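Participant: Quick one, entry-v7.cif (mmCIF, C-alpha atoms, pLDDT in the B column; chains and numbers go by the auth columns):
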```cif
data_upload
#
loop_
_atom_site.group_PDB
_atom_site.id
_atom_site.type_symbol
_atom_site.label_atom_id
_atom_site.label_comp_id
_atom_site.label_asym_id
_atom_site.label_seq_id
_atom_site.Cartn_x
_atom_site.Cartn_y
_atom_site.Cartn_z
_atom_site.B_iso_or_equiv
_atom_site.auth_seq_id
_atom_site.auth_asym_id
ATOM 1 C CA MET A 1 -9.259 -9.922 9.864 69.00 654 A
ATOM 2 C CA ALA A 2 -7.478 -6.757 8.725 82.00 655 A
ATOM 3 C CA ILE A 3 -4.337 -6.248 6.655 90.00 656 A
ATOM 4 C CA SER A 4 -1.716 -3.866 8.060 92.00 657 A
ATOM 5 C CA ILE A 5 -0.348 -1.360 5.565 95.00 658 A
ATOM 6 C CA LEU A 6 2.751 0.775 6.098 97.00 659 A
ATOM 7 C CA PHE A 7 3.260 4.066 4.246 97.00 660 A
ATOM 8 C CA PHE A 8 6.676 5.633 3.674 96.00 661 A
ATOM 9 C CA GLY A 9 8.069 8.970 2.484 93.00 662 A
ATOM 10 C CA GLN A 10 5.697 11.336 0.708 93.00 663 A
ATOM 11 C CA LEU A 11 2.912 8.752 0.989 96.00 664 A
ATOM 12 C CA THR A 12 2.600 9.622 4.666 96.00 665 A
ATOM 13 C CA ASP A 13 1.828 13.198 3.582 95.00 666 A
ATOM 14 C CA VAL A 14 -0.785 12.001 1.087 94.00 667 A
ATOM 15 C CA THR A 15 -2.513 9.703 3.588 96.00 668 A
ATOM 16 C CA GLY A 16 -1.815 11.614 6.788 96.00 669 A
ATOM 17 C CA CYS A 17 -0.625 8.436 8.507 97.00 670 A
ATOM 18 C CA SER A 18 2.274 5.999 8.542 97.00 671 A
ATOM 19 C CA GLN A 19 0.168 2.863 8.975 96.00 672 A
ATOM 20 C CA LEU A 20 -3.376 1.692 8.497 94.00 673 A
ATOM 21 C CA LYS A 21 -5.456 -1.458 8.865 92.00 674 A
ATOM 22 C CA ILE A 22 -7.988 -2.392 6.185 90.00 675 A
ATOM 23 C CA ALA A 23 -10.381 -5.318 6.439 87.00 676 A
ATOM 24 C CA HIS A 24 -11.888 -7.489 3.712 89.00 677 A
ATOM 25 C CA VAL A 25 -9.190 -7.067 1.066 92.00 678 A
ATOM 26 C CA ARG A 26 -8.530 -10.104 -1.151 93.00 679 A
ATOM 27 C CA ASP A 27 -5.713 -8.914 -3.398 96.00 680 A
ATOM 28 C CA THR A 28 -3.504 -5.969 -4.278 96.00 681 A
ATOM 29 C CA ASP A 29 -5.883 -4.637 -6.944 97.00 682 A
ATOM 30 C CA GLN A 30 -8.702 -4.465 -4.403 96.00 683 A
ATOM 31 C CA LEU A 31 -6.277 -2.908 -1.906 96.00 684 A
ATOM 32 C CA LYS A 32 -5.334 -0.151 -4.374 96.00 685 A
ATOM 33 C CA ASP A 33 -8.991 0.537 -5.155 96.00 686 A
ATOM 34 C CA SER A 34 -9.828 0.743 -1.464 95.00 687 A
ATOM 35 C CA LEU A 35 -6.914 3.087 -0.765 96.00 688 A
ATOM 36 C CA VAL A 36 -7.776 5.405 -3.683 97.00 689 A
ATOM 37 C CA GLU A 37 -11.359 5.559 -2.462 96.00 690 A
ATOM 38 C CA ARG A 38 -10.099 6.598 0.978 96.00 691 A
ATOM 39 C CA TYR A 39 -7.208 8.793 -0.278 97.00 692 A
ATOM 40 C CA PRO A 40 -8.039 10.085 -3.802 97.00 693 A
ATOM 41 C CA LEU A 41 -4.590 11.711 -4.235 95.00 694 A
ATOM 42 C CA LEU A 42 -3.044 8.222 -4.338 95.00 695 A
ATOM 43 C CA ALA A 43 -4.535 7.828 -7.827 95.00 696 A
ATOM 44 C CA HIS A 44 -2.030 10.441 -9.039 94.00 697 A
ATOM 45 C CA THR A 45 0.924 9.358 -6.893 94.00 698 A
ATOM 46 C CA LYS A 46 3.643 6.937 -7.978 94.00 699 A
ATOM 47 C CA TYR A 47 4.442 4.092 -5.598 95.00 700 A
ATOM 48 C CA VAL A 48 5.170 0.379 -5.524 96.00 701 A
ATOM 49 C CA ILE A 49 3.720 -2.243 -3.230 97.00 702 A
ATOM 50 C CA ALA A 50 5.933 -4.562 -1.219 97.00 703 A
ATOM 51 C CA ILE A 51 4.609 -7.706 0.406 95.00 704 A
ATOM 52 C CA ASP A 52 6.811 -9.221 3.087 92.00 705 A
ATOM 53 C CA LYS A 53 9.660 -6.941 1.910 92.00 706 A
ATOM 54 C CA LYS A 54 9.419 -8.088 -1.725 95.00 707 A
ATOM 55 C CA ILE A 55 8.286 -5.595 -4.375 95.00 708 A
ATOM 56 C CA ILE A 56 5.466 -6.935 -6.513 95.00 709 A
ATOM 57 C CA ARG A 57 4.472 -5.755 -9.981 93.00 710 A
ATOM 58 C CA THR A 58 1.270 -7.745 -10.619 96.00 711 A
ATOM 59 C CA ASN A 59 -1.945 -8.458 -8.769 97.00 712 A
ATOM 60 C CA VAL A 60 -1.215 -10.747 -5.802 95.00 713 A
ATOM 61 C CA MET A 61 -3.552 -12.443 -3.351 95.00 714 A
ATOM 62 C CA LEU A 62 -3.214 -11.082 0.184 93.00 715 A
ATOM 63 C CA PRO A 63 -3.360 -13.829 2.778 86.00 716 A
ATOM 64 C CA GLN A 64 -3.676 -12.792 6.394 79.00 717 A
ATOM 65 C CA GLU A 65 -0.486 -12.192 8.365 79.00 718 A
ATOM 66 C CA VAL A 66 1.417 -10.427 5.571 86.00 719 A
ATOM 67 C CA GLU A 67 3.296 -7.155 5.805 89.00 720 A
ATOM 68 C CA VAL A 68 2.213 -4.718 3.097 96.00 721 A
ATOM 69 C CA ALA A 69 4.158 -1.520 2.466 97.00 722 A
ATOM 70 C CA LEU A 70 3.600 1.286 -0.029 97.00 723 A
ATOM 71 C CA LEU A 71 6.911 2.752 -1.145 96.00 724 A
ATOM 72 C CA PRO A 72 7.398 6.009 -3.030 93.00 725 A
ATOM 73 C CA PRO A 73 10.025 6.335 -5.777 87.00 726 A
ATOM 74 C CA PHE A 74 13.516 6.551 -4.346 78.00 727 A
ATOM 75 C CA SER A 75 17.035 7.022 -5.615 64.00 728 A
ATOM 76 C CA GLY A 76 20.458 6.093 -4.340 56.00 729 A
ATOM 77 C CA GLY A 77 22.993 8.517 -3.012 50.00 730 A
#
```
With the file now loaded, output its structure as structure tokens.

Facilitator:
Amino acid sequence: MAISILFFGQLTDVTGCSQLKIAHVRDTDQLKDSLVERYPLLAHTKYVIAIDKKIIRTNVMLPQEVEVALLPPFSGG
């Protein structure tokens, strides 16, 4: 089963898409490695990962049926 990933802001320019499905990903570290392999510019781009609308800062297991989003830095107005 595949994990759905949403990209926002400048990350859509880096990846060329706003969403993607990736199969066989156990955790967020493996997800990042897989994304950098596919999109090398992500290695030099700042972003945070949100799982089910909650920003995570450490490696987290990715069960099926989760919403994963990559969010670029943002500021208030």

Participant: If the PyMOL selection byres ((chain A and resi 668-685) around 6) is run on the structure shown, which residues does it catch, given as a ChimeraX atom specification?

Facilitator: /A:654-660,665-667,686-688,712-715

Participant: Name the residues that the PyMOL selection byres ((chain A and resi 726) around 9) picks from the file above, as a list in words, using the file's chain letters and numbers.

Facilitator: Gly662, Lys699, Tyr700, Val701, Leu724, Pro725, Phe727 and Ser728 of chain A

Participant: Step by step, work through what the PyMOL selection byres ((chain A and resi 705) around 9) selects in the shown file, and finish by giving those residues as a PyMOL selection string.

Facilitator: chain A and resi 703-704+706-708+719-722

Participant: What is the CA of His697 in chain A-CA of Leu664 in chain A distance in Å, reported with one decimal?

Facilitator: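 Between CA of His697 in chain A and CA of Leu664 in chain A the gap is 11.3 Å.
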